[in-house]
$ cat upload29.cif   # mmCIF, C-alpha atoms
data_run
loop_
_atom_site.group_PDB
_atom_site.id
_atom_site.type_symbol
_atom_site.label_atom_id
_atom_site.label_comp_id
_atom_site.auth_asym_id
_atom_site.auth_seq_id
_atom_site.Cartn_x
_atom_site.Cartn_y
_atom_site.Cartn_z
ATOM 1 C CA MET A 105 -116.885 -8.345 -21.660
ATOM 2 C CA ILE A 106 -114.772 -5.978 -23.723
ATOM 3 C CA LEU A 107 -113.678 -4.215 -20.544
ATOM 4 C CA ALA A 108 -112.615 -7.539 -19.029
ATOM 5 C CA ALA A 109 -110.604 -8.399 -22.137
ATOM 6 C CA THR A 110 -108.861 -5.022 -22.023
ATOM 7 C CA ALA A 111 -108.047 -5.394 -18.343
ATOM 8 C CA GLY A 112 -106.572 -8.832 -19.060
ATOM 9 C CA ASN A 113 -104.535 -7.370 -21.882
ATOM 10 C CA VAL A 114 -103.140 -4.566 -19.704
ATOM 11 C CA LEU A 115 -102.270 -7.072 -16.981
ATOM 12 C CA THR A 116 -100.499 -9.305 -19.501
ATOM 13 C CA TRP A 117 -98.532 -6.316 -20.790
ATOM 14 C CA ILE A 118 -97.484 -5.354 -17.258
ATOM 15 C CA VAL A 119 -96.345 -8.909 -16.492
ATOM 16 C CA TRP A 120 -94.512 -9.039 -19.820
ATOM 17 C CA VAL A 121 -92.669 -5.751 -19.284
ATOM 18 C CA VAL A 122 -91.608 -6.690 -15.741
ATOM 19 C CA ALA A 123 -90.456 -10.171 -16.828
ATOM 20 C CA ALA A 124 -88.592 -8.863 -19.884
ATOM 21 C CA CYS A 125 -86.806 -6.158 -17.860
ATOM 22 C CA ALA A 126 -85.856 -8.710 -15.188
ATOM 23 C CA LEU A 127 -84.687 -11.108 -17.915
ATOM 24 C CA LEU A 128 -82.435 -8.606 -19.676
ATOM 25 C CA SER A 129 -81.014 -6.969 -16.537
ATOM 26 C CA SER A 130 -80.201 -10.318 -14.918
ATOM 27 C CA GLY A 131 -78.641 -11.410 -18.206
ATOM 28 C CA PHE A 132 -76.366 -8.355 -18.164
ATOM 29 C CA ALA A 133 -75.636 -8.989 -14.482
ATOM 30 C CA VAL A 134 -74.415 -12.541 -15.256
ATOM 31 C CA ILE A 135 -71.650 -11.291 -17.529
ATOM 32 C CA LEU A 136 -70.845 -8.145 -15.494
ATOM 33 C CA PHE A 137 -70.362 -9.576 -11.980
ATOM 34 C CA SER A 138 -66.754 -10.425 -11.261
ATOM 35 C CA ASN A 139 -67.745 -12.909 -8.531
ATOM 36 C CA PRO A 140 -68.988 -16.129 -10.216
ATOM 37 C CA PHE A 141 -71.293 -16.840 -7.269
ATOM 38 C CA PHE A 142 -73.294 -13.679 -7.944
ATOM 39 C CA SER A 143 -73.261 -14.482 -11.673
ATOM 40 C CA ALA A 144 -74.816 -17.886 -10.984
ATOM 41 C CA LEU A 145 -77.423 -16.337 -8.669
ATOM 42 C CA SER A 146 -78.441 -13.797 -11.326
ATOM 43 C CA LEU A 147 -78.646 -16.621 -13.870
ATOM 44 C CA ILE A 148 -81.240 -18.228 -11.574
ATOM 45 C CA GLY A 149 -83.231 -14.972 -11.713
ATOM 46 C CA ASN A 150 -82.765 -14.961 -15.479
ATOM 47 C CA LEU A 151 -84.174 -18.487 -15.789
ATOM 48 C CA GLY A 152 -87.098 -17.659 -13.492
ATOM 49 C CA SER A 153 -88.179 -14.618 -15.511
ATOM 50 C CA LEU A 154 -87.749 -16.672 -18.683
ATOM 51 C CA ALA A 155 -90.221 -19.188 -17.231
ATOM 52 C CA VAL A 156 -92.714 -16.310 -16.787
ATOM 53 C CA LEU A 157 -92.352 -15.459 -20.487
ATOM 54 C CA TYR A 158 -92.912 -19.134 -21.354
ATOM 55 C CA LEU A 159 -96.138 -19.048 -19.346
ATOM 56 C CA LEU A 160 -97.282 -15.983 -21.294
ATOM 57 C CA LEU A 161 -96.579 -17.939 -24.507
ATOM 58 C CA SER A 162 -98.834 -20.752 -23.173
ATOM 59 C CA ALA A 163 -95.963 -23.213 -22.792
ATOM 60 C CA GLU A 164 -96.869 -24.359 -19.284
ATOM 61 C CA PHE A 165 -94.997 -27.655 -19.315
ATOM 62 C CA VAL A 166 -91.791 -26.096 -20.652
ATOM 63 C CA ALA A 167 -91.992 -23.384 -17.975
ATOM 64 C CA ALA A 168 -92.316 -26.007 -15.235
ATOM 65 C CA ALA A 169 -89.463 -28.054 -16.707
ATOM 66 C CA GLN A 170 -87.364 -24.889 -16.946
ATOM 67 C CA VAL A 171 -87.784 -24.110 -13.241
ATOM 68 C CA LEU A 172 -87.266 -27.735 -12.126
ATOM 69 C CA VAL A 173 -84.403 -28.770 -14.411
ATOM 70 C CA TYR A 174 -82.544 -25.508 -14.867
ATOM 71 C CA ALA A 175 -83.156 -23.293 -11.873
ATOM 72 C CA GLY A 176 -83.299 -26.391 -9.685
ATOM 73 C CA ALA A 177 -80.833 -29.045 -10.783
ATOM 74 C CA VAL A 178 -78.341 -27.432 -13.165
ATOM 75 C CA MET A 179 -77.868 -24.251 -11.147
ATOM 76 C CA VAL A 180 -77.370 -26.190 -7.904
ATOM 77 C CA MET A 181 -74.589 -28.079 -9.703
ATOM 78 C CA PHE A 182 -73.053 -24.771 -10.804
ATOM 79 C CA LEU A 183 -73.217 -23.383 -7.266
ATOM 80 C CA PHE A 184 -71.599 -26.555 -5.869
ATOM 81 C CA VAL A 185 -68.717 -26.288 -8.339
ATOM 82 C CA ILE A 186 -68.273 -22.568 -7.596
ATOM 83 C CA ALA A 187 -68.232 -23.291 -3.869
ATOM 84 C CA TYR A 188 -65.725 -26.134 -4.449
ATOM 85 C CA LEU A 189 -63.402 -23.919 -6.483
ATOM 86 C CA GLY A 190 -63.600 -21.067 -3.989
ATOM 87 C CA GLY A 191 -61.455 -18.076 -4.893
ATOM 88 C CA ARG A 192 -59.717 -19.845 -7.755
ATOM 89 C CA ALA A 193 -62.656 -19.190 -10.101
ATOM 90 C CA ASP A 194 -62.427 -15.394 -9.801
ATOM 91 C CA VAL A 195 -60.719 -14.332 -13.007
ATOM 92 C CA PRO A 196 -62.065 -10.786 -13.149
ATOM 93 C CA PHE A 197 -62.402 -9.773 -16.774
ATOM 94 C CA ALA A 198 -60.848 -9.831 -20.199
ATOM 95 C CA GLY A 199 -57.347 -8.679 -19.581
ATOM 96 C CA GLY A 200 -54.606 -8.441 -22.148
ATOM 97 C CA ARG A 201 -55.203 -6.168 -25.060
ATOM 98 C CA ALA A 202 -58.055 -3.680 -24.944
ATOM 99 C CA PHE A 203 -58.932 -4.191 -28.615
ATOM 100 C CA GLY A 204 -59.954 -7.747 -27.802
ATOM 101 C CA LYS A 205 -62.815 -6.457 -25.670
ATOM 102 C CA LEU A 206 -63.718 -3.861 -28.313
ATOM 103 C CA ALA A 207 -63.707 -6.527 -31.037
ATOM 104 C CA ALA A 208 -66.010 -8.697 -28.899
ATOM 105 C CA LEU A 209 -68.480 -5.824 -28.552
ATOM 106 C CA VAL A 210 -68.334 -5.124 -32.294
ATOM 107 C CA ALA A 211 -68.901 -8.816 -33.060
ATOM 108 C CA GLY A 212 -71.866 -8.881 -30.665
ATOM 109 C CA GLY A 213 -73.358 -5.783 -32.303
ATOM 110 C CA ALA A 214 -72.848 -7.361 -35.733
ATOM 111 C CA ILE A 215 -74.748 -10.500 -34.638
ATOM 112 C CA LEU A 216 -77.549 -8.285 -33.279
ATOM 113 C CA VAL A 217 -77.884 -6.337 -36.538
ATOM 114 C CA GLU A 218 -77.681 -9.510 -38.643
ATOM 115 C CA ILE A 219 -80.441 -11.334 -36.753
ATOM 116 C CA VAL A 220 -82.748 -8.308 -36.668
ATOM 117 C CA VAL A 221 -82.290 -7.595 -40.384
ATOM 118 C CA VAL A 222 -82.819 -11.223 -41.417
ATOM 119 C CA ILE A 223 -85.948 -11.656 -39.290
ATOM 120 C CA ALA A 224 -87.376 -8.330 -40.422
ATOM 121 C CA LEU A 225 -86.730 -9.152 -44.095
ATOM 122 C CA GLN A 226 -88.018 -12.706 -43.926
ATOM 123 C CA ALA A 227 -90.976 -12.394 -41.609
ATOM 124 C CA GLY A 228 -91.645 -8.672 -41.203
ATOM 125 C CA GLY A 229 -95.397 -8.447 -41.708
ATOM 126 C CA LYS A 230 -96.221 -12.059 -40.842
ATOM 127 C CA LEU A 231 -95.410 -11.742 -37.154
ATOM 128 C CA SER A 232 -98.249 -9.415 -36.158
ATOM 129 C CA THR A 233 -101.036 -12.006 -36.031
ATOM 130 C CA SER A 234 -100.532 -15.301 -34.270
ATOM 131 C CA ALA A 235 -102.537 -18.484 -34.584
ATOM 132 C CA GLU A 236 -105.309 -19.057 -32.064
ATOM 133 C CA VAL A 237 -104.568 -21.955 -29.727
ATOM 134 C CA THR A 238 -106.779 -23.995 -27.443
ATOM 135 C CA GLY A 239 -106.195 -24.567 -23.752
ATOM 136 C CA ALA A 240 -104.583 -27.942 -24.478
ATOM 137 C CA PHE A 241 -101.652 -26.283 -26.286
ATOM 138 C CA GLY A 242 -98.461 -26.759 -24.265
ATOM 139 C CA SER A 243 -100.099 -28.948 -21.618
ATOM 140 C CA PRO A 244 -98.196 -32.011 -20.325
ATOM 141 C CA ARG A 245 -100.714 -34.247 -22.101
ATOM 142 C CA GLU A 246 -100.060 -32.610 -25.459
ATOM 143 C CA ILE A 247 -96.266 -32.591 -24.978
ATOM 144 C CA GLY A 248 -96.322 -36.251 -24.002
ATOM 145 C CA ARG A 249 -98.447 -37.141 -27.003
ATOM 146 C CA LEU A 250 -96.053 -35.322 -29.358
ATOM 147 C CA PHE A 251 -92.972 -36.882 -27.758
ATOM 148 C CA LEU A 252 -94.293 -40.425 -28.009
ATOM 149 C CA SER A 253 -95.796 -40.149 -31.480
ATOM 150 C CA ASP A 254 -94.334 -37.576 -33.881
ATOM 151 C CA HIS A 255 -91.006 -37.003 -32.144
ATOM 152 C CA LEU A 256 -90.176 -40.440 -30.775
ATOM 153 C CA LEU A 257 -86.671 -40.410 -32.283
ATOM 154 C CA ALA A 258 -85.828 -37.123 -30.542
ATOM 155 C CA PHE A 259 -87.090 -38.610 -27.275
ATOM 156 C CA GLU A 260 -84.882 -41.697 -27.590
ATOM 157 C CA VAL A 261 -81.815 -39.743 -28.713
ATOM 158 C CA THR A 262 -82.319 -37.511 -25.672
ATOM 159 C CA SER A 263 -81.960 -40.500 -23.360
ATOM 160 C CA ILE A 264 -78.732 -41.546 -25.114
ATOM 161 C CA ILE A 265 -77.333 -38.013 -24.756
ATOM 162 C CA LEU A 266 -78.095 -38.038 -21.031
ATOM 163 C CA LEU A 267 -76.424 -41.446 -20.655
ATOM 164 C CA VAL A 268 -73.307 -40.261 -22.510
ATOM 165 C CA ALA A 269 -73.163 -37.109 -20.385
ATOM 166 C CA ALA A 270 -73.459 -39.127 -17.168
ATOM 167 C CA VAL A 271 -70.676 -41.511 -18.254
ATOM 168 C CA GLY A 272 -68.545 -38.569 -19.347
ATOM 169 C CA GLY A 273 -69.022 -36.838 -16.012
ATOM 170 C CA VAL A 274 -67.956 -39.958 -14.105
ATOM 171 C CA ILE A 275 -64.881 -40.477 -16.333
ATOM 172 C CA LEU A 276 -63.806 -36.834 -16.010
ATOM 173 C CA GLY A 277 -64.245 -36.996 -12.251
ATOM 174 C CA SER A 278 -62.202 -40.174 -11.824
ATOM 175 C CA ALA A 279 -59.478 -38.941 -14.206
ATOM 176 C CA ALA A 280 -59.212 -35.750 -12.174
ATOM 177 C CA ARG A 281 -58.899 -37.723 -8.929
ATOM 178 C CA ARG A 282 -56.161 -39.916 -10.427
ATOM 179 C CA GLY A 283 -54.237 -36.824 -11.519
ATOM 180 C CA GLU A 284 -54.515 -35.355 -8.046
ATOM 181 C CA ASP A 285 -53.305 -38.592 -6.423
ATOM 182 C CA GLU A 286 -50.271 -38.735 -8.701
ATOM 183 C CA GLU A 287 -49.451 -35.139 -7.925
ATOM 184 C CA GLN A 288 -49.733 -35.715 -4.186
ATOM 185 C CA GLY A 289 -47.631 -38.867 -4.511
ATOM 186 C CA GLU A 290 -44.901 -36.927 -6.285
ATOM 187 C CA GLY A 291 -45.102 -34.187 -3.682
ATOM 188 C CA SER A 292 -44.550 -36.606 -0.776
ATOM 189 C CA ARG A 293 -41.661 -38.401 -2.431
ATOM 190 C CA MET B 35 -103.426 -13.344 -28.152
ATOM 191 C CA LEU B 36 -103.147 -11.196 -25.042
ATOM 192 C CA GLY B 37 -100.124 -9.024 -24.451
ATOM 193 C CA PRO B 38 -97.409 -8.080 -26.925
ATOM 194 C CA ALA B 39 -96.987 -9.650 -30.360
ATOM 195 C CA ILE B 40 -94.409 -12.346 -31.135
ATOM 196 C CA SER B 41 -91.933 -9.785 -32.492
ATOM 197 C CA ALA B 42 -91.529 -8.296 -28.994
ATOM 198 C CA TYR B 43 -90.522 -11.706 -27.635
ATOM 199 C CA LEU B 44 -88.095 -12.108 -30.540
ATOM 200 C CA VAL B 45 -86.457 -8.752 -29.791
ATOM 201 C CA VAL B 46 -85.942 -9.789 -26.151
ATOM 202 C CA SER B 47 -84.552 -13.117 -27.331
ATOM 203 C CA VAL B 48 -82.068 -11.468 -29.725
ATOM 204 C CA ILE B 49 -80.825 -9.042 -27.057
ATOM 205 C CA LEU B 50 -80.397 -11.928 -24.613
ATOM 206 C CA PHE B 51 -78.515 -13.985 -27.218
ATOM 207 C CA VAL B 52 -76.119 -11.121 -27.945
ATOM 208 C CA THR B 53 -75.577 -10.607 -24.205
ATOM 209 C CA GLY B 54 -74.528 -14.247 -23.937
ATOM 210 C CA ALA B 55 -72.309 -14.032 -27.012
ATOM 211 C CA ILE B 56 -70.492 -10.960 -25.661
ATOM 212 C CA GLY B 57 -70.112 -12.753 -22.327
ATOM 213 C CA VAL B 58 -68.498 -15.757 -24.017
ATOM 214 C CA LEU B 59 -66.116 -13.497 -25.936
ATOM 215 C CA VAL B 60 -65.211 -11.087 -23.136
ATOM 216 C CA ARG B 61 -64.984 -13.137 -19.944
ATOM 217 C CA ARG B 62 -61.945 -15.286 -19.139
ATOM 218 C CA SER B 63 -63.206 -17.497 -16.348
ATOM 219 C CA PRO B 64 -64.424 -20.794 -17.873
ATOM 220 C CA LEU B 65 -67.271 -20.869 -15.320
ATOM 221 C CA ILE B 66 -68.664 -17.533 -16.525
ATOM 222 C CA VAL B 67 -68.198 -18.683 -20.130
ATOM 223 C CA LEU B 68 -70.408 -21.695 -19.329
ATOM 224 C CA LEU B 69 -73.018 -19.443 -17.697
ATOM 225 C CA ALA B 70 -73.004 -17.159 -20.767
ATOM 226 C CA LEU B 71 -73.448 -20.244 -22.978
ATOM 227 C CA GLU B 72 -76.520 -21.163 -20.938
ATOM 228 C CA ILE B 73 -77.865 -17.652 -21.591
ATOM 229 C CA MET B 74 -77.386 -18.125 -25.346
ATOM 230 C CA LEU B 75 -79.164 -21.503 -25.306
ATOM 231 C CA ASN B 76 -82.031 -20.015 -23.325
ATOM 232 C CA ALA B 77 -82.376 -17.128 -25.762
ATOM 233 C CA ALA B 78 -82.677 -19.673 -28.574
ATOM 234 C CA ASN B 79 -85.285 -21.524 -26.489
ATOM 235 C CA LEU B 80 -87.315 -18.335 -26.063
ATOM 236 C CA ALA B 81 -87.326 -17.811 -29.840
ATOM 237 C CA LEU B 82 -88.371 -21.450 -30.396
ATOM 238 C CA ILE B 83 -91.270 -21.190 -27.957
ATOM 239 C CA ALA B 84 -92.357 -17.827 -29.361
ATOM 240 C CA PHE B 85 -92.497 -19.324 -32.862
ATOM 241 C CA ALA B 86 -94.306 -22.399 -31.527
ATOM 242 C CA ARG B 87 -96.980 -20.092 -30.095
ATOM 243 C CA HIS B 88 -97.033 -18.054 -33.313
ATOM 244 C CA HIS B 89 -97.753 -21.067 -35.509
ATOM 245 C CA GLY B 90 -99.850 -22.877 -32.898
ATOM 246 C CA ASP B 91 -97.632 -25.938 -33.364
ATOM 247 C CA GLY B 92 -96.190 -27.920 -30.467
ATOM 248 C CA ALA B 93 -93.046 -29.039 -32.325
ATOM 249 C CA GLY B 94 -91.189 -25.892 -31.222
ATOM 250 C CA GLN B 95 -91.815 -26.762 -27.580
ATOM 251 C CA ILE B 96 -90.484 -30.284 -28.170
ATOM 252 C CA PHE B 97 -87.368 -28.747 -29.696
ATOM 253 C CA ALA B 98 -86.998 -26.410 -26.695
ATOM 254 C CA LEU B 99 -87.190 -29.352 -24.274
ATOM 255 C CA THR B 100 -84.540 -31.188 -26.307
ATOM 256 C CA VAL B 101 -82.303 -28.097 -26.186
ATOM 257 C CA MET B 102 -82.781 -28.081 -22.409
ATOM 258 C CA VAL B 103 -81.483 -31.666 -22.210
ATOM 259 C CA VAL B 104 -78.486 -30.807 -24.377
ATOM 260 C CA ALA B 105 -77.762 -27.786 -22.172
ATOM 261 C CA ALA B 106 -77.889 -29.935 -19.027
ATOM 262 C CA SER B 107 -75.479 -32.473 -20.594
ATOM 263 C CA GLU B 108 -73.173 -29.655 -21.686
ATOM 264 C CA ALA B 109 -73.168 -28.229 -18.170
ATOM 265 C CA VAL B 110 -72.261 -31.648 -16.697
ATOM 266 C CA VAL B 111 -69.333 -32.168 -19.067
ATOM 267 C CA GLY B 112 -68.159 -28.548 -18.845
ATOM 268 C CA LEU B 113 -68.235 -28.483 -15.060
ATOM 269 C CA GLY B 114 -66.472 -31.872 -14.991
ATOM 270 C CA LEU B 115 -63.700 -30.404 -17.144
ATOM 271 C CA ILE B 116 -63.412 -27.352 -14.889
ATOM 272 C CA VAL B 117 -63.173 -29.510 -11.756
ATOM 273 C CA ALA B 118 -60.558 -31.722 -13.483
ATOM 274 C CA MET B 119 -58.580 -28.618 -14.452
ATOM 275 C CA SER B 120 -58.619 -27.235 -10.956
ATOM 276 C CA ARG B 121 -57.554 -30.614 -9.481
ATOM 277 C CA LYS B 122 -54.607 -30.744 -11.858
ATOM 278 C CA ARG B 123 -53.659 -27.230 -10.677
ATOM 279 C CA VAL B 124 -54.261 -25.739 -14.138
ATOM 280 C CA GLU B 125 -54.998 -22.035 -13.957
ATOM 281 C CA LEU B 126 -58.700 -21.331 -14.628
ATOM 282 C CA ASP B 127 -58.262 -18.794 -17.406
ATOM 283 C CA VAL B 128 -59.410 -19.514 -20.955
ATOM 284 C CA ASP B 129 -56.626 -17.323 -22.397
ATOM 285 C CA LYS B 130 -54.006 -19.635 -20.892
ATOM 286 C CA LEU B 131 -55.667 -22.924 -21.859
ATOM 287 C CA ASP B 132 -54.073 -23.370 -25.249
ATOM 288 C CA SER B 133 -52.682 -26.900 -25.191
ATOM 289 C CA LEU B 134 -54.579 -30.175 -25.189
ATOM 290 C CA ARG B 135 -52.206 -32.005 -22.833
ATOM 291 C CA GLY B 136 -51.879 -29.778 -19.787
#
$ encode --input "upload29.cif" --output "structure tokens"
Amino acid sequence: MILAATAGNVLTWIVWVVAACALLSSGFAVILFSNPFFSALSLIGNLGSLAVLYLLLSAEFVAAAQVLVYAGAVMVMFLFVIAYLGGRADVPFAGGRAFGKLAALVAGGAILVEIVVVIALQAGGKLSTSAEVTGAFGSPREIGRLFLSDHLLAFEVTSIILLVAAVGGVILGSAARRGEDEEQGEGSR
Amino acid sequence: MLGPAISAYLVVSVILFVTGAIGVLVRRSPLIVLLALEIMLNAANLALIAFARHHGDGAGQIFALTVMVVAASEAVVGLGLIVAMSRKRVELDVDKLDSLRG
């Protein structure tokens, strides 16, 4: 019994290390590739390894939603837009002054130090032991129950946000087409 | 709980967040800026789900799902803006987008 538990623990550690390495390296790859198509592809890998970490944290429904909504729908939209733009989207890197890039790195390091210090000060010793959860934790049934009872307002506001985003997308698309038509009209005149 | 403690997940989440933040600051293509924003939102999601597991409370997962919806809406509007910019022959470079009426 103890042996089985240890084997499970080692396996979980191995999965965690592989997923975390894949997560971080694909995250770096997203901002380092100069071709946006490769950036989008590595973001898909990033989202997939994130879903593995969600599974390890017993958030099964969120992991499934992550793969379906993000890696499926949102990334396909990104890839379509990148394919539509073609070569016009390839702005290689921060040009201009070199100190801009340096300042960005310093700002990023400052955020890193700030978050680590605050979490360590606030929650240092409390993070070592986690609550025990049952198998129902994170299941679709439990998520649905929470959404329709305790968090009903969030659920409804979510639908309004999606509606506004859909209307906004349509308006932006039609405005862009009108602008293009005017430009072509001027060009032919 | 099998595997590493919550703090390990938080460290990964912080590194991922900073990666996204540096990407937003350094890159000039608005598409890559959007991708880096998605990375930042996902890092926040990882922290939310780690804390949900830590406290054994499902509210963090609800919050993460809501963040996912907001991220999808943001991607729709952002990509719509980028397509509109490219149709109006505006150069796709965030350093040169400094006026509201292009």
$ residues_around --input "upload29.cif" --residues "Val110 of chain B" --least-positions-apart "5" --cutoff "9 Å" --atoms "all atoms listed in the file" --output "number ranges by chain"
A: 178, 181, 269-270, 272-273; B: 105, 115
$ residues_around --input "upload29.cif" --residues "Thr262 of chain A" --least-positions-apart "2" --cutoff "12 Å" --atoms "only C-alpha atoms" --output "list in words"
Phe251, His255, Leu256, Leu257, Ala258, Phe259, Glu260, Ile264, Ile265, Leu266, Leu267, Val268 and Ala269 of chain A; Ile96, Phe97, Leu99, Thr100, Val101, Met102, Val103, Val104, Ala105, Ala106 and Ser107 of chain B
$ write_last_selection --input "upload29.cif" --atoms "C-alpha atoms" --output "PDB file, keeping the file's coordinate frame"
ATOM      1  CA  PHE A 251     -92.972 -36.882 -27.758  1.00  0.00           C
ATOM      2  CA  HIS A 255     -91.006 -37.003 -32.144  1.00  0.00           C
ATOM      3  CA  LEU A 256     -90.176 -40.440 -30.775  1.00  0.00           C
ATOM      4  CA  LEU A 257     -86.671 -40.410 -32.283  1.00  0.00           C
ATOM      5  CA  ALA A 258     -85.828 -37.123 -30.542  1.00  0.00           C
ATOM      6  CA  PHE A 259     -87.090 -38.610 -27.275  1.00  0.00           C
ATOM      7  CA  GLU A 260     -84.882 -41.697 -27.590  1.00  0.00           C
ATOM      8  CA  ILE A 264     -78.732 -41.546 -25.114  1.00  0.00           C
ATOM      9  CA  ILE A 265     -77.333 -38.013 -24.756  1.00  0.00           C
ATOM     10  CA  LEU A 266     -78.095 -38.038 -21.031  1.00  0.00           C
ATOM     11  CA  LEU A 267     -76.424 -41.446 -20.655  1.00  0.00           C
ATOM     12  CA  VAL A 268     -73.307 -40.261 -22.510  1.00  0.00           C
ATOM     13  CA  ALA A 269     -73.163 -37.109 -20.385  1.00  0.00           C
TER      14      ALA A 269
ATOM     15  CA  ILE B  96     -90.484 -30.284 -28.170  1.00  0.00           C
ATOM     16  CA  PHE B  97     -87.368 -28.747 -29.696  1.00  0.00           C
ATOM     17  CA  LEU B  99     -87.190 -29.352 -24.274  1.00  0.00           C
ATOM     18  CA  THR B 100     -84.540 -31.188 -26.307  1.00  0.00           C
ATOM     19  CA  VAL B 101     -82.303 -28.097 -26.186  1.00  0.00           C
ATOM     20  CA  MET B 102     -82.781 -28.081 -22.409  1.00  0.00           C
ATOM     21  CA  VAL B 103     -81.483 -31.666 -22.210  1.00  0.00           C
ATOM     22  CA  VAL B 104     -78.486 -30.807 -24.377  1.00  0.00           C
ATOM     23  CA  ALA B 105     -77.762 -27.786 -22.172  1.00  0.00           C
ATOM     24  CA  ALA B 106     -77.889 -29.935 -19.027  1.00  0.00           C
ATOM     25  CA  SER B 107     -75.479 -32.473 -20.594  1.00  0.00           C
TER      26      SER B 107
END
$ atom_distance --input "upload29.cif" --atom1 "atom CA of Leu157 of chain A" --atom2 "atom CA of Arg245 of chain A"
20.6 Å
$ resolve_selection --input "upload29.cif" --expression "the PyMOL selection byres ((chain B and resi 86) around 10)" --output "list of chain:residue names"
A:Leu161, A:Ser162, A:Ala163, A:Ser234, A:Ala235, A:Phe241, A:Gly242, B:Leu80, B:Ala81, B:Leu82, B:Ile83, B:Ala84, B:Phe85, B:Arg87, B:His88, B:His89, B:Gly90, B:Asp91, B:Gly92, B:Ala93, B:Gly94, B:Gln95, B:Ile96, B:Phe97, B:Ala98
$ resolve_selection --input "upload29.cif" --expression "the PyMOL selection byres ((chain A and resi 183) around 10)" --output "MDAnalysis selection string"
chainID A and resid 140:145 178:182 184:189
$ write_last_selection --input "upload29.cif" --atoms "C-alpha atoms" --output "CSV table (one decimal), in the coordinates of the input"
chain,number,residue,atom,x,y,z
A,140,PRO,CA,-69.0,-16.1,-10.2
A,141,PHE,CA,-71.3,-16.8,-7.3
A,142,PHE,CA,-73.3,-13.7,-7.9
A,143,SER,CA,-73.3,-14.5,-11.7
A,144,ALA,CA,-74.8,-17.9,-11.0
A,145,LEU,CA,-77.4,-16.3,-8.7
A,178,VAL,CA,-78.3,-27.4,-13.2
A,179,MET,CA,-77.9,-24.3,-11.1
A,180,VAL,CA,-77.4,-26.2,-7.9
A,181,MET,CA,-74.6,-28.1,-9.7
A,182,PHE,CA,-73.1,-24.8,-10.8
A,184,PHE,CA,-71.6,-26.6,-5.9
A,185,VAL,CA,-68.7,-26.3,-8.3
A,186,ILE,CA,-68.3,-22.6,-7.6
A,187,ALA,CA,-68.2,-23.3,-3.9
A,188,TYR,CA,-65.7,-26.1,-4.4
A,189,LEU,CA,-63.4,-23.9,-6.5
$ residues_around --input "upload29.cif" --residues "Val128 of chain B" --least-positions-apart "3" --cutoff "7 Å" --atoms "only C-alpha atoms" --output "PyMOL selection string"
chain B and resi 62-64+131
$ residues_around --input "upload29.cif" --residues "Val46 of chain B" --least-positions-apart "6" --cutoff "12 Å" --atoms "all atoms listed in the file" --output "ChimeraX atom specification"
/A:120-121,123-129,131,153-154,157,216,220 /B:38-40,52-53,74,76-81,84
$ atom_distance --input "upload29.cif" --atom1 "atom CA of Ala177 of chain A" --atom2 "atom CA of Ala133 of chain A"
21.0 Å
$ atom_distance --input "upload29.cif" --atom1 "atom CA of Glu72 of chain B" --atom2 "atom CA of Ile247 of chain A"
23.2 Å
$ closest_residue --input "upload29.cif" --among "A:Val221, A:Leu252, A:Leu172, A:Ala279" --to "chain B" --atoms "all atoms listed in the file"
A:Ala279
$ resolve_selection --input "upload29.cif" --expression "the PyMOL selection byres ((chain A and resi 203-208) around 12)" --output "VMD selection string"
(chain A and resid 197 to 202 209 to 215) or (chain B and resid 52 to 62 129)
$ closest_residue --input "upload29.cif" --among "B:Ala42, B:Gly37, B:Ile66, B:Ala109" --to "Asn139 of chain A" --atoms "all atoms listed in the file"
B:Ile66
$ decode --input "upload29.cif" --residues "segment 49-55 of chain B" --atoms "N, CA, C and O atoms" --output "CSV table (one decimal), in the first residue's frame"
chain,number,residue,atom,x,y,z
B,49,ILE,N,6.5,32.7,-13.0
B,49,ILE,CA,7.5,32.8,-14.1
B,49,ILE,C,6.7,33.0,-15.4
B,49,ILE,O,7.1,33.8,-16.3
B,50,LEU,N,5.6,32.2,-15.6
B,50,LEU,CA,4.8,32.4,-16.8
B,50,LEU,C,4.3,33.8,-16.9
B,50,LEU,O,4.3,34.4,-18.0
B,51,PHE,N,3.8,34.3,-15.8
B,51,PHE,CA,3.2,35.7,-15.9
B,51,PHE,C,4.3,36.7,-16.3
B,51,PHE,O,4.0,37.6,-17.1
B,52,VAL,N,5.5,36.6,-15.7
B,52,VAL,CA,6.5,37.5,-16.1
B,52,VAL,C,7.0,37.4,-17.5
B,52,VAL,O,7.2,38.3,-18.2
B,53,THR,N,7.0,36.1,-18.0
B,53,THR,CA,7.2,35.9,-19.4
B,53,THR,C,6.3,36.7,-20.3
B,53,THR,O,6.7,37.4,-21.2
B,54,GLY,N,5.0,36.6,-19.9
B,54,GLY,CA,4.0,37.3,-20.7
B,54,GLY,C,4.1,38.8,-20.6
B,54,GLY,O,4.0,39.5,-21.6
B,55,ALA,N,4.5,39.3,-19.4
B,55,ALA,CA,4.6,40.7,-19.2
B,55,ALA,C,5.8,41.2,-20.1
B,55,ALA,O,5.7,42.3,-20.7
